[in-house]
Amino acid sequence: MKESRHSVDTPTYTRQLRSGTGIDAHRHDDHQVVYAARGVLSVTTEAGTWIAPRTRAIWVPAGTVHEHYAHGDTQLHLLGIAVRYNPLELDRPAVLAVGPLLRELIIAYTHTPDDRSPERDRLHAVLLDELRASPETPLYLPTPVSPLLRDLYGILRNDPADNRTLTELGQRIGASDRTLSRLFRSELGMTFPQWRTQLRLHHALILLADGIPVTTVAHQCGWSSASTFIDVFRRTFGHTPGTHLET
């Protein structure tokens with residue numbers, strides 16, 4: 001990643017990001033929760049990319065060098081959490097489910113960053129409780145390191161609809177499917193089908209944020225039909241792709 005900024009404070013505030021813009025690489029001394037009430041936001045580190053629509057938030061631990069990127073016009077809520085608190089007990093980024101209560105707590109808390117009232121302290125305590133109860137969801141696309149997997153990533157990133165098997169892709173880059181399968185498990189911690197589904201879901205969220213119709217997104221991301229895509233999307237996010245950007 002690019003050389004990063006170091007911010008001692010982890011600010012709590014709201015911010016509007018136009019589609020295609022972001023916040024350059026930086027790190028904070030405290031933890032941060034990043035939530036997009038509208039649009040889709042991705043957070044990237046050297047290890048990979050985490051992406052979140054409005055039903056998800058991203059946990060960024062203290063000291064993590066990261067950058068933000070907006071897909072679609074995005075209403076961004078940034079929540080700083082003192083390093084002495086770690087309600088999730090996580091030392092790595094993660095995508096968290098955001099229910100109606102947590103959503104309203106984040107919005108309310110980030111809209112009044114200068115409030116020092118006892119009421120805000122109580123709001124902070126409830127917010128930590130809700131974060132502690134938020135399940136982690138698998139919306140992480142790890143960045144390959146080995147040259148073989150990076151070559152394969154380049155092919156599928158440019159065309160997520162490429163439906164060639166791992167054997168066929170291996171022939172393209174000069175590796176056996178056994179070698180590639182072993183690399184996926186040892187380096188990325190997932191199988192090739194799991195990784196490809198993550199890549200396609202990430203790409204689908206970006207296309208949907210740009211207003212691309214659901215059927216077109218399904219085909220551009222490699223699903224055989226819109227209904228198959230909708231089923232995978234619903235099982236992952238808890239709602240259909242046609243409604244996930246509604247406020």
# chains A, B, ... in the order shown; residues from 1 in each chain; ligands from 1
>>> select_by_dssp(residues="segment 30-237 of chain A", states="helix (DSSP H, G or I)", output="number ranges by chain")
A: 100-111, 118-132, 147-158, 166-173, 177-188, 192-209, 214-220, 226-237
>>> select_by_dssp(residues="segment 92-228 of chain A", states="strand (DSSP E or B)", output="MDAnalysis selection string")
chainID A and resid 94:97 136:137 140:142
>>> residues_around(residues="Leu180 of chain A", least_positions_apart="3", cutoff="8 Å", atoms="only C-alpha atoms", output="list in words")
Leu148, Leu149, Leu166, Gly170, Ala175, Ser176, Asp177, Leu183 and Phe184 of chain A
>>> atom_distance(atom1="atom CA of Ala62 of chain A", atom2="atom CA of Asp29 of chain A")
5.1 Å
>>> closest_atom_pairs(of="segment 133-199 of chain A", to="segment 36-55 of chain A", cutoff="7 Å", atoms="only C-alpha atoms", output="JSON lines")
{"residue": "A:Leu139", "atom": "CA", "partner": "A:Trp50", "partner_atom": "CA", "distance": 6.0}
{"residue": "A:Tyr140", "atom": "CA", "partner": "A:Trp50", "partner_atom": "CA", "distance": 4.7}
{"residue": "A:Leu141", "atom": "CA", "partner": "A:Thr49", "partner_atom": "CA", "distance": 5.2}
{"residue": "A:Pro142", "atom": "CA", "partner": "A:Gly48", "partner_atom": "CA", "distance": 4.1}
{"residue": "A:Thr143", "atom": "CA", "partner": "A:Gly48", "partner_atom": "CA", "distance": 4.4}
>>> residues_around(residues="Ala226 of chain A", least_positions_apart="2", cutoff="7 Å", atoms="only C-alpha atoms", output="compact mmCIF listing (two decimals) with all heavy atoms, in the first residue's frame")
# COMPACT_ATOMS: atom_id res chain seq x y z
N VAL A 214 -30.25 -5.96 -11.58
CA VAL A 214 -29.90 -7.22 -10.92
C VAL A 214 -29.58 -8.32 -11.92
O VAL A 214 -28.58 -9.04 -11.76
CB VAL A 214 -31.04 -7.66 -9.97
CG1 VAL A 214 -30.79 -9.08 -9.46
CG2 VAL A 214 -31.17 -6.70 -8.80
N THR A 215 -30.39 -8.47 -12.96
CA THR A 215 -30.15 -9.53 -13.94
C THR A 215 -28.81 -9.33 -14.64
O THR A 215 -28.05 -10.29 -14.86
CB THR A 215 -31.28 -9.56 -14.98
OG1 THR A 215 -32.52 -9.83 -14.31
CG2 THR A 215 -31.03 -10.65 -16.01
N ALA A 218 -26.01 -10.28 -12.25
CA ALA A 218 -25.90 -11.73 -12.13
C ALA A 218 -25.05 -12.30 -13.26
O ALA A 218 -24.13 -13.11 -13.03
CB ALA A 218 -27.29 -12.36 -12.13
N THR A 228 -30.45 -17.66 -9.22
CA THR A 228 -29.33 -18.24 -8.47
C THR A 228 -28.55 -17.15 -7.75
O THR A 228 -28.19 -17.30 -6.57
CB THR A 228 -28.39 -19.01 -9.43
OG1 THR A 228 -29.13 -20.02 -10.11
CG2 THR A 228 -27.25 -19.65 -8.66
N PHE A 229 -28.29 -16.06 -8.44
CA PHE A 229 -27.59 -14.92 -7.82
C PHE A 229 -28.39 -14.38 -6.64
O PHE A 229 -27.83 -14.14 -5.56
CB PHE A 229 -27.38 -13.84 -8.86
CG PHE A 229 -26.96 -12.51 -8.30
CD1 PHE A 229 -25.86 -12.40 -7.45
CD2 PHE A 229 -27.67 -11.35 -8.60
CE1 PHE A 229 -25.48 -11.16 -6.93
CE2 PHE A 229 -27.31 -10.13 -8.09
CZ PHE A 229 -26.21 -10.03 -7.24
N ILE A 230 -29.69 -14.20 -6.81
CA ILE A 230 -30.52 -13.65 -5.74
C ILE A 230 -30.49 -14.57 -4.52
O ILE A 230 -30.42 -14.12 -3.38
CB ILE A 230 -31.97 -13.44 -6.24
CG1 ILE A 230 -32.00 -12.29 -7.26
CG2 ILE A 230 -32.92 -13.15 -5.08
CD1 ILE A 230 -33.32 -12.17 -8.00
>>> residues_around(residues="Ala133 of chain A", least_positions_apart="4", cutoff="10 Å", atoms="only C-alpha atoms", output="compact mmCIF listing (two decimals) with C-alpha atoms, in the first residue's frame")
# COMPACT_ATOMS: atom_id res chain seq x y z
CA PRO A 87 -15.95 -5.50 22.46
CA LEU A 88 -15.23 -7.97 19.66
CA LEU A 96 -20.12 -7.30 11.22
CA ALA A 97 -23.86 -7.71 10.83
CA LEU A 102 -27.07 -1.00 16.01
CA LEU A 127 -23.26 0.71 21.52
CA LEU A 128 -20.43 -1.43 22.88
CA ASP A 129 -22.96 -4.04 24.03
>>> closest_residue(among="A:Arg5, A:His71, A:Leu152, A:Arg56", to="His239 of chain A", atoms="only C-alpha atoms")
A:Arg56
>>> closest_residue(among="A:Val145, A:Trp223, A:Ile23, A:Gly242", to="Ser186 of chain A", atoms="only C-alpha atoms")
A:Val145
>>> atom_distance(atom1="atom CA of Gln75 of chain A", atom2="atom CA of Ala25 of chain A")
19.3 Å
>>> atom_distance(atom1="atom CA of Thr64 of chain A", atom2="atom CA of His6 of chain A")
10.1 Å
>>> closest_residue(among="A:His28, A:His111, A:Arg92, A:Arg84", to="Arg15 of chain A", atoms="only C-alpha atoms")
A:His111
>>> closest_residue(among="A:Thr243, A:Met190, A:Asp121, A:Asp91", to="Leu205 of chain A", atoms="only C-alpha atoms")
A:Thr243
>>> closest_residue(among="A:Pro213, A:Gly99, A:Pro93, A:Pro147", to="Ile58 of chain A", atoms="only C-alpha atoms")
A:Pro93
>>> closest_residue(among="A:Gln32, A:Gln194, A:Ser19, A:Thr12", to="His66 of chain A", atoms="only C-alpha atoms")
A:Gln32
>>> residues_around(residues="Arg164 of chain A", least_positions_apart="4", cutoff="12 Å", atoms="only C-alpha atoms", output="PyMOL selection string")
chain A and resi 152+155-156+159-160+168-172+177+192-193+196+222
>>> write_last_selection(atoms="C-alpha atoms", output="mmCIF file, in the first residue's frame")
data_model
loop_
_atom_site.group_PDB
_atom_site.id
_atom_site.type_symbol
_atom_site.label_atom_id
_atom_site.label_comp_id
_atom_site.auth_asym_id
_atom_site.auth_seq_id
_atom_site.Cartn_x
_atom_site.Cartn_y
_atom_site.Cartn_z
ATOM 1 C CA LEU A 152 -5.281 -16.176 -11.362
ATOM 2 C CA ILE A 155 -7.805 -13.091 -14.704
ATOM 3 C CA LEU A 156 -10.937 -13.324 -12.554
ATOM 4 C CA ASP A 159 -13.764 -11.014 -15.747
ATOM 5 C CA PRO A 160 -15.642 -12.420 -12.718
ATOM 6 C CA GLU A 168 -8.599 -24.969 -16.991
ATOM 7 C CA LEU A 169 -7.383 -21.804 -15.270
ATOM 8 C CA GLY A 170 -4.307 -23.694 -14.105
ATOM 9 C CA GLN A 171 -3.496 -24.623 -17.683
ATOM 10 C CA ARG A 172 -3.714 -20.929 -18.555
ATOM 11 C CA ASP A 177 -5.224 -27.731 -9.978
ATOM 12 C CA PHE A 192 -11.118 -21.903 -4.721
ATOM 13 C CA PRO A 193 -14.954 -22.018 -4.977
ATOM 14 C CA ARG A 196 -14.398 -17.083 -6.239
ATOM 15 C CA GLY A 222 -20.845 -15.370 -13.506
#
>>> decode(residues="segment 8-22 of chain A", atoms="N, CA, C and O atoms", output="CSV table (one decimal), in the first residue's frame")
chain,number,residue,atom,x,y,z
A,8,VAL,N,-3.1,10.2,15.6
A,8,VAL,CA,-3.2,9.7,17.0
A,8,VAL,C,-4.6,9.5,17.4
A,8,VAL,O,-5.0,8.6,18.0
A,9,ASP,N,-5.5,10.5,17.1
A,9,ASP,CA,-6.9,10.4,17.4
A,9,ASP,C,-7.6,9.6,16.3
A,9,ASP,O,-7.3,9.6,15.2
A,10,THR,N,-8.7,8.9,16.8
A,10,THR,CA,-9.6,8.2,15.9
A,10,THR,C,-10.9,8.9,15.9
A,10,THR,O,-11.7,8.8,16.8
A,11,PRO,N,-11.2,9.8,14.9
A,11,PRO,CA,-12.3,10.7,15.0
A,11,PRO,C,-13.6,10.0,14.9
A,11,PRO,O,-13.7,8.9,14.2
A,12,THR,N,-14.7,10.5,15.5
A,12,THR,CA,-16.0,10.1,15.3
A,12,THR,C,-16.8,11.2,14.6
A,12,THR,O,-16.9,12.3,15.1
A,13,TYR,N,-17.3,10.8,13.4
A,13,TYR,CA,-18.0,11.9,12.6
A,13,TYR,C,-18.7,11.2,11.4
A,13,TYR,O,-18.5,10.0,11.2
A,14,THR,N,-19.5,12.0,10.7
A,14,THR,CA,-20.1,11.5,9.5
A,14,THR,C,-19.5,12.2,8.3
A,14,THR,O,-19.0,13.4,8.5
A,15,ARG,N,-19.6,11.6,7.2
A,15,ARG,CA,-18.9,12.2,6.0
A,15,ARG,C,-19.6,11.6,4.7
A,15,ARG,O,-20.0,10.5,4.7
A,16,GLN,N,-19.8,12.5,3.7
A,16,GLN,CA,-20.3,12.1,2.5
A,16,GLN,C,-19.2,11.8,1.5
A,16,GLN,O,-18.3,12.6,1.4
A,17,LEU,N,-19.2,10.7,0.8
A,17,LEU,CA,-18.2,10.3,-0.2
A,17,LEU,C,-18.9,10.1,-1.5
A,17,LEU,O,-19.8,9.3,-1.6
A,18,ARG,N,-18.4,10.8,-2.5
A,18,ARG,CA,-18.9,10.6,-3.9
A,18,ARG,C,-18.4,9.2,-4.4
A,18,ARG,O,-17.3,8.8,-4.0
A,19,SER,N,-19.2,8.6,-5.3
A,19,SER,CA,-18.8,7.4,-5.8
A,19,SER,C,-17.5,7.5,-6.5
A,19,SER,O,-17.2,8.4,-7.2
A,20,GLY,N,-16.6,6.5,-6.2
A,20,GLY,CA,-15.3,6.5,-6.8
A,20,GLY,C,-14.2,7.3,-6.0
A,20,GLY,O,-13.1,7.3,-6.4
A,21,THR,N,-14.6,7.9,-4.9
A,21,THR,CA,-13.7,8.6,-4.0
A,21,THR,C,-13.4,7.8,-2.8
A,21,THR,O,-14.0,6.7,-2.5
A,22,GLY,N,-12.5,8.2,-2.0
A,22,GLY,CA,-12.1,7.5,-0.8
A,22,GLY,C,-11.2,8.2,0.2
A,22,GLY,O,-11.1,9.5,0.0
